[in-house]
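Notes follow once the structure below has been shown.
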Amino acid sequence: MAEIFQSLSKVHFEGAESKNPLAFKYYNPDRVILGKKMSEHLPFAMAWWHNLCATGTDMFGPGTADKSFGAEPGTMAHARAKVDAGFEFMQKLGVRYFCFHDVDLVPEAATIDQTNARLDEITDYILEKMKGTDIRCLWGTANMFSNPRFMNGAGSSNSVDVFCHAAAQIKKALECTVKLGGRGYVFWGGREGYETLMNTDMKFEQENIAALMRMAVEYGRSIGFTGDFYIEPKPKEPMKHQYDFDAATAIGFLRYYGLDKDFKMNIEANHATLAGHTFQHDLRVSAVNGMLGSVDANTGDLLLGWDTDEFPYNVYDTTLCMYEVLKAGGLTGGFNFDAKTRRSSYTFEDMFQAFVLGMDTFALGLIKAAAIIEDGRVDEFVNNRYASYRDTEIGRKIRAGQASLSECAAVASQNGAPALPGSGRQEYLESVMNQILFGQA
Ligand code: XUL
Ligand code: CO
């Protein structure tokens, strides 16, 4: 088979002194951090849609990048060429996983049965390519937001025919995910939301989304899917208001509808910031609820305020992310680069460079997060901050769930006005973080 990225060879680790743009400076897969190889801490994934499909089209103009890979777009030959390009790309970068939507893999046909036949053909081809490599599927999903039929959502659509079409797509996408050995299955409710409550029955729509998810769990388990289902929260865009607003909202929804045993969160950095949170916040909310599953690794631009899906470059953010992931004991999923090169970075070399940037940024984040944990000052401070609950009898009773309001009130009467609760020392902790990040200057 002809090489597609001919001028680009395998990317190796060369170390922090290297000036080779196409070498890793920090991502050294075999380096051991806190007892585990970097490659195990960081199961990176390629998003089929951004890397192999997106050409840089925006509202103001057509694509700038050529992703035809030598075939006519919209054909099955092109679908196969994308598989060839994807596998060559992942092998050259040392990326071990991929994520896909059904319609990223094949062009949608006139009927669902024809589309499904195309999916059978392409997944056979992907399986063939997987043989002899260590490349695997991280997660699959169904695109239930692009086709005009989904203008009012999928599970939340007012049309039962649209609901059933969504069910059919999920059924097939689950079958493909199982066939490709996927670790997870994602629901990103891109149009599961509303534009105005004047035309919307919110309770009805949310019940239907839950029903669709329940059907997916039942079917998935019946065909041998043992991985996690994920909700990927996002507050808005394309809809004005999306039901899976953030991790806290999605977790509450899952618990209310009894879906929390089968689902975890897939947290995307740019979605968390769109919700007015930090990336770290939504990771922590997921982790403390036992639902931190996977990460869509990207970054937004706070000056723009929409989902720009940029490759991660901010080491401060990835350090805080990896701190959460390490504290949570790792992910059941991985780090999917749901990210695209900028419209003016349109060359194959830019695609490679983007992954070098993203992988190095996460590797640095991992190294620095481990250093924060090993340094111990942050943990020590947080631990000591709550010491009064350990050092007093009433504190211990509150923690054990054995104190009453009257007992607490009695302590308040006896002790008089409480002293100030101790400095939060934010500036100190931020300087510790800078010291660990930058060390000797
Ligand atoms: C859109 C987004 C999706 C999901 C999968 O903002 O993040 O690509 O990751 O549907
Ligand atoms: Co995403």
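Following the order of the structure tokens, first chain is A, next is B, and so on, with residues numbered from 1 inside each chain and ligands from 1 in the order they appear.
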
Could I get the residues of region 226-301 of chain A with an atom no further than 12 Å from an atom of region 309-332 of chain A, each paired with its nearest atom pair and that distance in Å to one decimal, using only C-alpha atoms, sorted by chain and residue number, as JSON lines?
```
{"residue": "A:Thr226", "atom": "CA", "partner": "A:Thr332", "partner_atom": "CA", "distance": 11.8}
{"residue": "A:Gly227", "atom": "CA", "partner": "A:Thr332", "partner_atom": "CA", "distance": 8.6}
{"residue": "A:Asp228", "atom": "CA", "partner": "A:Thr332", "partner_atom": "CA", "distance": 7.9}
{"residue": "A:Phe229", "atom": "CA", "partner": "A:Thr332", "partner_atom": "CA", "distance": 10.7}
{"residue": "A:Tyr230", "atom": "CA", "partner": "A:Thr332", "partner_atom": "CA", "distance": 10.6}
{"residue": "A:Phe263", "atom": "CA", "partner": "A:Thr332", "partner_atom": "CA", "distance": 11.4}
{"residue": "A:Lys264", "atom": "CA", "partner": "A:Thr332", "partner_atom": "CA", "distance": 9.2}
{"residue": "A:Met265", "atom": "CA", "partner": "A:Thr332", "partner_atom": "CA", "distance": 10.3}
{"residue": "A:Asn266", "atom": "CA", "partner": "A:Leu331", "partner_atom": "CA", "distance": 9.9}
{"residue": "A:Ile267", "atom": "CA", "partner": "A:Cys321", "partner_atom": "CA", "distance": 10.4}
{"residue": "A:Glu268", "atom": "CA", "partner": "A:Asp309", "partner_atom": "CA", "distance": 9.4}
{"residue": "A:Ala269", "atom": "CA", "partner": "A:Asp309", "partner_atom": "CA", "distance": 8.9}
{"residue": "A:Asn270", "atom": "CA", "partner": "A:Asp309", "partner_atom": "CA", "distance": 6.6}
{"residue": "A:His271", "atom": "CA", "partner": "A:Asp309", "partner_atom": "CA", "distance": 9.3}
{"residue": "A:Ala272", "atom": "CA", "partner": "A:Cys321", "partner_atom": "CA", "distance": 11.9}
{"residue": "A:Thr273", "atom": "CA", "partner": "A:Asp317", "partner_atom": "CA", "distance": 11.4}
{"residue": "A:Leu274", "atom": "CA", "partner": "A:Asp309", "partner_atom": "CA", "distance": 11.4}
{"residue": "A:Thr278", "atom": "CA", "partner": "A:Asp317", "partner_atom": "CA", "distance": 8.7}
{"residue": "A:Phe279", "atom": "CA", "partner": "A:Cys321", "partner_atom": "CA", "distance": 7.0}
{"residue": "A:Gln280", "atom": "CA", "partner": "A:Cys321", "partner_atom": "CA", "distance": 5.5}
{"residue": "A:His281", "atom": "CA", "partner": "A:Cys321", "partner_atom": "CA", "distance": 9.2}
{"residue": "A:Asp282", "atom": "CA", "partner": "A:Cys321", "partner_atom": "CA", "distance": 9.8}
{"residue": "A:Leu283", "atom": "CA", "partner": "A:Glu324", "partner_atom": "CA", "distance": 6.5}
{"residue": "A:Arg284", "atom": "CA", "partner": "A:Glu324", "partner_atom": "CA", "distance": 6.3}
{"residue": "A:Val285", "atom": "CA", "partner": "A:Glu324", "partner_atom": "CA", "distance": 10.0}
{"residue": "A:Ser286", "atom": "CA", "partner": "A:Ala328", "partner_atom": "CA", "distance": 9.5}
{"residue": "A:Ala287", "atom": "CA", "partner": "A:Ala328", "partner_atom": "CA", "distance": 6.0}
{"residue": "A:Val288", "atom": "CA", "partner": "A:Ala328", "partner_atom": "CA", "distance": 8.2}
{"residue": "A:Asn289", "atom": "CA", "partner": "A:Ala328", "partner_atom": "CA", "distance": 10.4}
{"residue": "A:Gly290", "atom": "CA", "partner": "A:Ala328", "partner_atom": "CA", "distance": 8.4}
{"residue": "A:Met291", "atom": "CA", "partner": "A:Leu331", "partner_atom": "CA", "distance": 9.6}
{"residue": "A:Leu292", "atom": "CA", "partner": "A:Leu331", "partner_atom": "CA", "distance": 6.6}
{"residue": "A:Gly293", "atom": "CA", "partner": "A:Thr332", "partner_atom": "CA", "distance": 5.2}
{"residue": "A:Ser294", "atom": "CA", "partner": "A:Leu331", "partner_atom": "CA", "distance": 5.8}
{"residue": "A:Val295", "atom": "CA", "partner": "A:Leu331", "partner_atom": "CA", "distance": 8.2}
{"residue": "A:Asp296", "atom": "CA", "partner": "A:Asp309", "partner_atom": "CA", "distance": 9.6}
{"residue": "A:Ala297", "atom": "CA", "partner": "A:Pro312", "partner_atom": "CA", "distance": 6.8}
{"residue": "A:Asn298", "atom": "CA", "partner": "A:Pro312", "partner_atom": "CA", "distance": 4.8}
{"residue": "A:Thr299", "atom": "CA", "partner": "A:Glu310", "partner_atom": "CA", "distance": 5.1}
{"residue": "A:Gly300", "atom": "CA", "partner": "A:Asp309", "partner_atom": "CA", "distance": 5.8}
{"residue": "A:Asp301", "atom": "CA", "partner": "A:Glu310", "partner_atom": "CA", "distance": 8.0}
```

**OP:** Might you pull out every residue within 6 Å of region 185-202 of chain A, with only C-alpha atoms counted and same-chain residues fewer than 6 positions away left off, and present them as a ChimeraX atom specification?
**Re:** /A:139-141,145,153,156,229-232,239-243

Subject >> Of the listed residues A:Thr392, A:Thr308, A:Thr177, A:Asn208, that which approaches ligand 1 most closely, counting only C-alpha atoms and all ligand atoms >> reply: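 The closest residue to ligand 1 is A:Thr308.
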
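Rounded to one decimal, CA of Ile394 (chain A) and CA of Glu407 (chain A) lie 8.0 Å from each other.
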
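Coordinates place CA of Val95 (chain A) at a distance of 17.9 Å from CA of Val32 (chain A).
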
For the helix (DSSP H, G or I) assignment from backbone DSSP, which residues of region 105-298 of chain A qualify? Please present them as an mmCIF file with N, CA and C atoms, in the first residue's frame.
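Written output follows (states-v4.cif):
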```cif
data_model
loop_
_atom_site.group_PDB
_atom_site.id
_atom_site.type_symbol
_atom_site.label_atom_id
_atom_site.label_comp_id
_atom_site.auth_asym_id
_atom_site.auth_seq_id
_atom_site.Cartn_x
_atom_site.Cartn_y
_atom_site.Cartn_z
ATOM 1 N N LEU A 105 -16.841 7.267 9.549
ATOM 2 C CA LEU A 105 -16.223 6.091 8.926
ATOM 3 C C LEU A 105 -16.661 5.916 7.490
ATOM 4 N N ILE A 112 -30.897 3.582 6.099
ATOM 5 C CA ILE A 112 -30.082 3.108 7.224
ATOM 6 C C ILE A 112 -29.487 1.729 6.905
ATOM 7 N N ASP A 113 -30.246 0.896 6.185
ATOM 8 C CA ASP A 113 -29.723 -0.444 5.869
ATOM 9 C C ASP A 113 -28.492 -0.360 4.960
ATOM 10 N N GLN A 114 -28.554 0.583 4.007
ATOM 11 C CA GLN A 114 -27.384 0.746 3.115
ATOM 12 C C GLN A 114 -26.192 1.311 3.891
ATOM 13 N N THR A 115 -26.481 2.259 4.769
ATOM 14 C CA THR A 115 -25.377 2.820 5.573
ATOM 15 C C THR A 115 -24.761 1.717 6.429
ATOM 16 N N ASN A 116 -25.626 0.882 7.001
ATOM 17 C CA ASN A 116 -25.117 -0.195 7.862
ATOM 18 C C ASN A 116 -24.254 -1.191 7.082
ATOM 19 N N ALA A 117 -24.642 -1.452 5.845
ATOM 20 C CA ALA A 117 -23.833 -2.367 5.019
ATOM 21 C C ALA A 117 -22.448 -1.753 4.789
ATOM 22 N N ARG A 118 -22.425 -0.438 4.576
ATOM 23 C CA ARG A 118 -21.130 0.238 4.409
ATOM 24 C C ARG A 118 -20.308 0.142 5.697
ATOM 25 N N LEU A 119 -20.997 0.281 6.821
ATOM 26 C CA LEU A 119 -20.281 0.189 8.107
ATOM 27 C C LEU A 119 -19.706 -1.215 8.308
ATOM 28 N N ASP A 120 -20.457 -2.239 7.864
ATOM 29 C CA ASP A 120 -19.933 -3.616 7.967
ATOM 30 C C ASP A 120 -18.640 -3.736 7.164
ATOM 31 N N GLU A 121 -18.684 -3.176 5.949
ATOM 32 C CA GLU A 121 -17.514 -3.276 5.059
ATOM 33 C C GLU A 121 -16.304 -2.553 5.667
ATOM 34 N N ILE A 122 -16.532 -1.336 6.166
ATOM 35 C CA ILE A 122 -15.376 -0.564 6.632
ATOM 36 C C ILE A 122 -14.831 -1.121 7.949
ATOM 37 N N THR A 123 -15.720 -1.628 8.804
ATOM 38 C CA THR A 123 -15.206 -2.170 10.074
ATOM 39 C C THR A 123 -14.452 -3.477 9.820
ATOM 40 N N ASP A 124 -14.852 -4.229 8.793
ATOM 41 C CA ASP A 124 -14.045 -5.407 8.404
ATOM 42 C C ASP A 124 -12.635 -4.958 8.023
ATOM 43 N N TYR A 125 -12.590 -3.875 7.252
ATOM 44 C CA TYR A 125 -11.293 -3.364 6.790
ATOM 45 C C TYR A 125 -10.456 -2.855 7.976
ATOM 46 N N ILE A 126 -11.122 -2.148 8.910
ATOM 47 C CA ILE A 126 -10.384 -1.636 10.083
ATOM 48 C C ILE A 126 -9.840 -2.811 10.908
ATOM 49 N N LEU A 127 -10.671 -3.835 11.071
ATOM 50 C CA LEU A 127 -10.225 -5.022 11.832
ATOM 51 C C LEU A 127 -8.979 -5.631 11.205
ATOM 52 N N GLU A 128 -9.009 -5.693 9.886
ATOM 53 C CA GLU A 128 -7.848 -6.227 9.154
ATOM 54 C C GLU A 128 -6.599 -5.379 9.443
ATOM 55 N N LYS A 129 -6.786 -4.053 9.419
ATOM 56 C CA LYS A 129 -5.647 -3.150 9.671
ATOM 57 C C LYS A 129 -5.143 -3.253 11.105
ATOM 58 N N MET A 130 -6.070 -3.552 12.026
ATOM 59 C CA MET A 130 -5.681 -3.625 13.435
ATOM 60 C C MET A 130 -4.755 -4.802 13.698
ATOM 61 N N PRO A 148 -30.037 16.936 9.036
ATOM 62 C CA PRO A 148 -31.166 17.823 9.373
ATOM 63 C C PRO A 148 -32.288 17.139 10.152
ATOM 64 N N ARG A 149 -32.408 15.804 10.022
ATOM 65 C CA ARG A 149 -33.484 15.132 10.766
ATOM 66 C C ARG A 149 -33.338 15.351 12.269
ATOM 67 N N PHE A 150 -32.099 15.627 12.694
ATOM 68 C CA PHE A 150 -31.855 15.795 14.134
ATOM 69 C C PHE A 150 -31.917 17.264 14.569
ATOM 70 N N VAL A 160 -41.286 10.865 16.859
ATOM 71 C CA VAL A 160 -40.956 9.484 17.239
ATOM 72 C C VAL A 160 -40.174 8.787 16.124
ATOM 73 N N ASP A 161 -40.391 9.191 14.869
ATOM 74 C CA ASP A 161 -39.622 8.589 13.773
ATOM 75 C C ASP A 161 -38.135 8.936 13.899
ATOM 76 N N VAL A 162 -37.877 10.181 14.299
ATOM 77 C CA VAL A 162 -36.478 10.589 14.485
ATOM 78 C C VAL A 162 -35.884 9.816 15.670
ATOM 79 N N PHE A 163 -36.663 9.680 16.731
ATOM 80 C CA PHE A 163 -36.203 8.911 17.901
ATOM 81 C C PHE A 163 -35.801 7.502 17.447
ATOM 82 N N CYS A 164 -36.662 6.868 16.639
ATOM 83 C CA CYS A 164 -36.379 5.487 16.209
ATOM 84 C C CYS A 164 -35.154 5.442 15.290
ATOM 85 N N HIS A 165 -34.988 6.475 14.464
ATOM 86 C CA HIS A 165 -33.800 6.496 13.610
ATOM 87 C C HIS A 165 -32.538 6.613 14.464
ATOM 88 N N ALA A 166 -32.629 7.444 15.506
ATOM 89 C CA ALA A 166 -31.486 7.577 16.428
ATOM 90 C C ALA A 166 -31.193 6.221 17.076
ATOM 91 N N ALA A 167 -32.254 5.519 17.483
ATOM 92 C CA ALA A 167 -32.085 4.195 18.111
ATOM 93 C C ALA A 167 -31.365 3.252 17.145
ATOM 94 N N ALA A 168 -31.763 3.308 15.869
ATOM 95 C CA ALA A 168 -31.142 2.433 14.867
ATOM 96 C C ALA A 168 -29.655 2.767 14.710
ATOM 97 N N GLN A 169 -29.344 4.057 14.714
ATOM 98 C CA GLN A 169 -27.920 4.446 14.577
ATOM 99 C C GLN A 169 -27.118 4.001 15.797
ATOM 100 N N ILE A 170 -27.705 4.175 16.973
ATOM 101 C CA ILE A 170 -26.986 3.767 18.198
ATOM 102 C C ILE A 170 -26.750 2.255 18.172
ATOM 103 N N LYS A 171 -27.790 1.516 17.761
ATOM 104 C CA LYS A 171 -27.682 0.049 17.724
ATOM 105 C C LYS A 171 -26.487 -0.359 16.853
ATOM 106 N N LYS A 172 -26.404 0.254 15.676
ATOM 107 C CA LYS A 172 -25.315 -0.121 14.771
ATOM 108 C C LYS A 172 -23.962 0.375 15.302
ATOM 109 N N ALA A 173 -23.953 1.605 15.844
ATOM 110 C CA ALA A 173 -22.676 2.139 16.346
ATOM 111 C C ALA A 173 -22.167 1.288 17.515
ATOM 112 N N LEU A 174 -23.091 0.778 18.316
ATOM 113 C CA LEU A 174 -22.689 -0.120 19.409
ATOM 114 C C LEU A 174 -22.114 -1.416 18.848
ATOM 115 N N GLU A 175 -22.774 -1.950 17.821
ATOM 116 C CA GLU A 175 -22.265 -3.192 17.208
ATOM 117 C C GLU A 175 -20.850 -2.968 16.657
ATOM 118 N N CYS A 176 -20.650 -1.809 16.000
ATOM 119 C CA CYS A 176 -19.314 -1.505 15.450
ATOM 120 C C CYS A 176 -18.298 -1.359 16.581
ATOM 121 N N THR A 177 -18.700 -0.689 17.665
ATOM 122 C CA THR A 177 -17.783 -0.489 18.789
ATOM 123 C C THR A 177 -17.366 -1.834 19.379
ATOM 124 N N VAL A 178 -18.334 -2.730 19.541
ATOM 125 C CA VAL A 178 -18.023 -4.054 20.090
ATOM 126 C C VAL A 178 -17.112 -4.816 19.119
ATOM 127 N N LYS A 179 -17.443 -4.733 17.840
ATOM 128 C CA LYS A 179 -16.642 -5.436 16.820
ATOM 129 C C LYS A 179 -15.188 -4.968 16.856
ATOM 130 N N LEU A 197 -38.192 27.629 25.629
ATOM 131 C CA LEU A 197 -39.137 26.807 26.402
ATOM 132 C C LEU A 197 -40.569 27.004 25.902
ATOM 133 N N MET A 198 -40.781 28.015 25.071
ATOM 134 C CA MET A 198 -42.131 28.252 24.541
ATOM 135 C C MET A 198 -42.622 27.064 23.716
ATOM 136 N N ASN A 199 -41.683 26.311 23.123
ATOM 137 C CA ASN A 199 -42.116 25.181 22.288
ATOM 138 C C ASN A 199 -41.643 23.832 22.849
ATOM 139 N N MET A 202 -39.826 20.062 28.591
ATOM 140 C CA MET A 202 -38.509 19.620 29.073
ATOM 141 C C MET A 202 -38.564 18.246 29.736
ATOM 142 N N LYS A 203 -39.574 18.027 30.566
ATOM 143 C CA LYS A 203 -39.646 16.748 31.295
ATOM 144 C C LYS A 203 -39.812 15.588 30.300
ATOM 145 N N PHE A 204 -40.710 15.767 29.342
ATOM 146 C CA PHE A 204 -40.975 14.764 28.313
ATOM 147 C C PHE A 204 -39.669 14.429 27.573
ATOM 148 N N GLU A 205 -38.937 15.465 27.188
ATOM 149 C CA GLU A 205 -37.704 15.257 26.411
ATOM 150 C C GLU A 205 -36.647 14.535 27.248
ATOM 151 N N GLN A 206 -36.522 14.917 28.504
ATOM 152 C CA GLN A 206 -35.497 14.279 29.336
ATOM 153 C C GLN A 206 -35.852 12.810 29.605
ATOM 154 N N GLU A 207 -37.128 12.534 29.786
ATOM 155 C CA GLU A 207 -37.543 11.135 29.983
ATOM 156 C C GLU A 207 -37.216 10.301 28.748
ATOM 157 N N ASN A 208 -37.408 10.906 27.592
ATOM 158 C CA ASN A 208 -37.121 10.155 26.357
ATOM 159 C C ASN A 208 -35.621 9.920 26.165
ATOM 160 N N ILE A 209 -34.812 10.910 26.533
ATOM 161 C CA ILE A 209 -33.359 10.713 26.430
ATOM 162 C C ILE A 209 -32.952 9.553 27.342
ATOM 163 N N ALA A 210 -33.500 9.559 28.560
ATOM 164 C CA ALA A 210 -33.171 8.482 29.504
ATOM 165 C C ALA A 210 -33.630 7.133 28.952
ATOM 166 N N ALA A 211 -34.806 7.115 28.335
ATOM 167 C CA ALA A 211 -35.326 5.848 27.776
ATOM 168 C C ALA A 211 -34.385 5.339 26.683
ATOM 169 N N LEU A 212 -33.925 6.253 25.842
ATOM 170 C CA LEU A 212 -33.013 5.861 24.755
ATOM 171 C C LEU A 212 -31.697 5.322 25.330
ATOM 172 N N MET A 213 -31.202 5.979 26.370
ATOM 173 C CA MET A 213 -29.955 5.506 26.986
ATOM 174 C C MET A 213 -30.164 4.132 27.626
ATOM 175 N N ARG A 214 -31.324 3.947 28.260
ATOM 176 C CA ARG A 214 -31.600 2.646 28.890
ATOM 177 C C ARG A 214 -31.632 1.546 27.845
ATOM 178 N N MET A 215 -32.269 1.837 26.709
ATOM 179 C CA MET A 215 -32.318 0.842 25.614
ATOM 180 C C MET A 215 -30.903 0.527 25.129
ATOM 181 N N ALA A 216 -30.073 1.568 25.054
ATOM 182 C CA ALA A 216 -28.692 1.369 24.581
ATOM 183 C C ALA A 216 -27.933 0.469 25.551
ATOM 184 N N VAL A 217 -28.110 0.696 26.848
ATOM 185 C CA VAL A 217 -27.417 -0.126 27.841
ATOM 186 C C VAL A 217 -27.886 -1.580 27.708
ATOM 187 N N GLU A 218 -29.196 -1.770 27.630
ATOM 188 C CA GLU A 218 -29.726 -3.144 27.533
ATOM 189 C C GLU A 218 -29.193 -3.851 26.294
ATOM 190 N N TYR A 219 -29.226 -3.142 25.171
ATOM 191 C CA TYR A 219 -28.761 -3.773 23.936
ATOM 192 C C TYR A 219 -27.254 -4.017 23.981
ATOM 193 N N GLY A 220 -26.525 -2.995 24.441
ATOM 194 C CA GLY A 220 -25.062 -3.121 24.509
ATOM 195 C C GLY A 220 -24.653 -4.322 25.345
ATOM 196 N N ARG A 221 -25.253 -4.435 26.517
ATOM 197 C CA ARG A 221 -24.891 -5.575 27.388
ATOM 198 C C ARG A 221 -25.272 -6.891 26.718
ATOM 199 N N SER A 222 -26.380 -6.896 25.965
ATOM 200 C CA SER A 222 -26.846 -8.156 25.345
ATOM 201 C C SER A 222 -25.905 -8.610 24.224
ATOM 202 N N ALA A 247 -20.750 18.317 34.274
ATOM 203 C CA ALA A 247 -20.666 16.999 34.920
ATOM 204 C C ALA A 247 -21.712 16.875 36.028
ATOM 205 N N ALA A 248 -21.861 17.911 36.837
ATOM 206 C CA ALA A 248 -22.803 17.814 37.963
ATOM 207 C C ALA A 248 -24.219 17.560 37.452
ATOM 208 N N THR A 249 -24.614 18.258 36.400
ATOM 209 C CA THR A 249 -25.960 18.090 35.854
ATOM 210 C C THR A 249 -26.137 16.683 35.279
ATOM 211 N N ALA A 250 -25.140 16.239 34.525
ATOM 212 C CA ALA A 250 -25.246 14.922 33.874
ATOM 213 C C ALA A 250 -25.277 13.806 34.925
ATOM 214 N N ILE A 251 -24.494 13.963 35.972
ATOM 215 C CA ILE A 251 -24.471 12.927 37.021
ATOM 216 C C ILE A 251 -25.824 12.885 37.745
ATOM 217 N N GLY A 252 -26.386 14.059 38.019
ATOM 218 C CA GLY A 252 -27.710 14.108 38.645
ATOM 219 C C GLY A 252 -28.762 13.436 37.770
ATOM 220 N N PHE A 253 -28.693 13.681 36.482
ATOM 221 C CA PHE A 253 -29.616 13.071 35.511
ATOM 222 C C PHE A 253 -29.477 11.544 35.530
ATOM 223 N N LEU A 254 -28.237 11.069 35.489
ATOM 224 C CA LEU A 254 -27.999 9.614 35.461
ATOM 225 C C LEU A 254 -28.523 8.955 36.737
ATOM 226 N N ARG A 255 -28.298 9.611 37.867
ATOM 227 C CA ARG A 255 -28.775 9.034 39.130
ATOM 228 C C ARG A 255 -30.301 9.019 39.167
ATOM 229 N N TYR A 256 -30.916 10.106 38.731
ATOM 230 C CA TYR A 256 -32.379 10.216 38.783
ATOM 231 C C TYR A 256 -33.028 9.102 37.963
ATOM 232 N N ALA A 269 -12.226 19.414 27.874
ATOM 233 C CA ALA A 269 -11.733 20.668 28.464
ATOM 234 C C ALA A 269 -12.527 21.871 27.970
ATOM 235 N N ASN A 270 -12.702 21.964 26.662
ATOM 236 C CA ASN A 270 -13.372 23.132 26.084
ATOM 237 C C ASN A 270 -14.848 23.196 26.466
ATOM 238 N N HIS A 271 -15.472 22.046 26.752
ATOM 239 C CA HIS A 271 -16.873 22.049 27.182
ATOM 240 C C HIS A 271 -16.989 22.546 28.618
ATOM 241 N N ALA A 272 -16.023 22.156 29.445
ATOM 242 C CA ALA A 272 -16.045 22.600 30.846
ATOM 243 C C ALA A 272 -15.927 24.121 30.908
ATOM 244 N N THR A 273 -15.040 24.683 30.100
ATOM 245 C CA THR A 273 -14.864 26.143 30.156
ATOM 246 C C THR A 273 -16.077 26.861 29.563
ATOM 247 N N LEU A 274 -16.735 26.236 28.576
ATOM 248 C CA LEU A 274 -17.972 26.832 28.050
ATOM 249 C C LEU A 274 -19.056 26.886 29.123
ATOM 250 N N PHE A 279 -11.472 23.198 33.538
ATOM 251 C CA PHE A 279 -11.347 21.785 33.153
ATOM 252 C C PHE A 279 -11.217 20.948 34.429
ATOM 253 N N GLN A 280 -10.374 21.442 35.327
ATOM 254 C CA GLN A 280 -10.111 20.724 36.575
ATOM 255 C C GLN A 280 -11.394 20.538 37.386
ATOM 256 N N HIS A 281 -12.256 21.542 37.371
ATOM 257 C CA HIS A 281 -13.507 21.454 38.144
ATOM 258 C C HIS A 281 -14.349 20.263 37.692
ATOM 259 N N ASP A 282 -14.578 20.151 36.384
ATOM 260 C CA ASP A 282 -15.448 19.062 35.931
ATOM 261 C C ASP A 282 -14.798 17.692 36.114
ATOM 262 N N LEU A 283 -13.465 17.662 36.071
ATOM 263 C CA LEU A 283 -12.772 16.398 36.363
ATOM 264 C C LEU A 283 -12.980 16.022 37.828
ATOM 265 N N ARG A 284 -12.857 17.013 38.712
ATOM 266 C CA ARG A 284 -13.007 16.731 40.152
ATOM 267 C C ARG A 284 -14.438 16.295 40.478
ATOM 268 N N VAL A 285 -15.426 17.004 39.891
ATOM 269 C CA VAL A 285 -16.830 16.638 40.142
ATOM 270 C C VAL A 285 -17.058 15.182 39.716
ATOM 271 N N SER A 286 -16.517 14.811 38.557
ATOM 272 C CA SER A 286 -16.683 13.430 38.073
ATOM 273 C C SER A 286 -15.972 12.465 39.017
ATOM 274 N N ALA A 287 -14.751 12.808 39.409
ATOM 275 C CA ALA A 287 -13.959 11.888 40.230
ATOM 276 C C ALA A 287 -14.601 11.672 41.594
ATOM 277 N N VAL A 288 -15.063 12.737 42.247
ATOM 278 C CA VAL A 288 -15.608 12.541 43.595
ATOM 279 C C VAL A 288 -16.925 11.759 43.545
#
```

Write out as CSV the residues of region 35-130 of chain A that have any atom within 10 Å of an atom of region 358-372 of chain A, one row each with the nearest atom pair and its distance in Å to one decimal, counting only C-alpha atoms, sorted by chain and then rising number.
```
residue,atom,partner,partner_atom,distance
A:Met38,CA,A:Ala363,CA,7.4
A:Ser39,CA,A:Ala363,CA,9.3
A:His41,CA,A:Leu366,CA,8.1
A:Leu42,CA,A:Ala363,CA,7.8
A:Phe44,CA,A:Met359,CA,7.7
A:Leu93,CA,A:Met359,CA,9.4
A:Val95,CA,A:Met359,CA,9.2
```

May I have the residues from that selection written out with C-alpha atoms, as an mmCIF file, in the first residue's frame?
```cif
data_model
loop_
_atom_site.group_PDB
_atom_site.id
_atom_site.type_symbol
_atom_site.label_atom_id
_atom_site.label_comp_id
_atom_site.auth_asym_id
_atom_site.auth_seq_id
_atom_site.Cartn_x
_atom_site.Cartn_y
_atom_site.Cartn_z
ATOM 1 C CA MET A 38 3.939 7.117 30.520
ATOM 2 C CA SER A 39 2.212 5.224 27.728
ATOM 3 C CA HIS A 41 -0.828 6.764 32.106
ATOM 4 C CA LEU A 42 -1.629 8.396 28.788
ATOM 5 C CA PHE A 44 -3.884 8.799 23.631
ATOM 6 C CA LEU A 93 2.901 9.020 16.137
ATOM 7 C CA VAL A 95 -1.023 6.778 19.157
#
```

Subject >> Of the listed residues A:Lys37, A:Lys19, A:Lys25, A:His101, that which approaches ligand 2 most closely, counting only C-alpha atoms and all ligand atoms >> reply: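 Looking at the shortest contact to ligand 2, the residue is A:His101.
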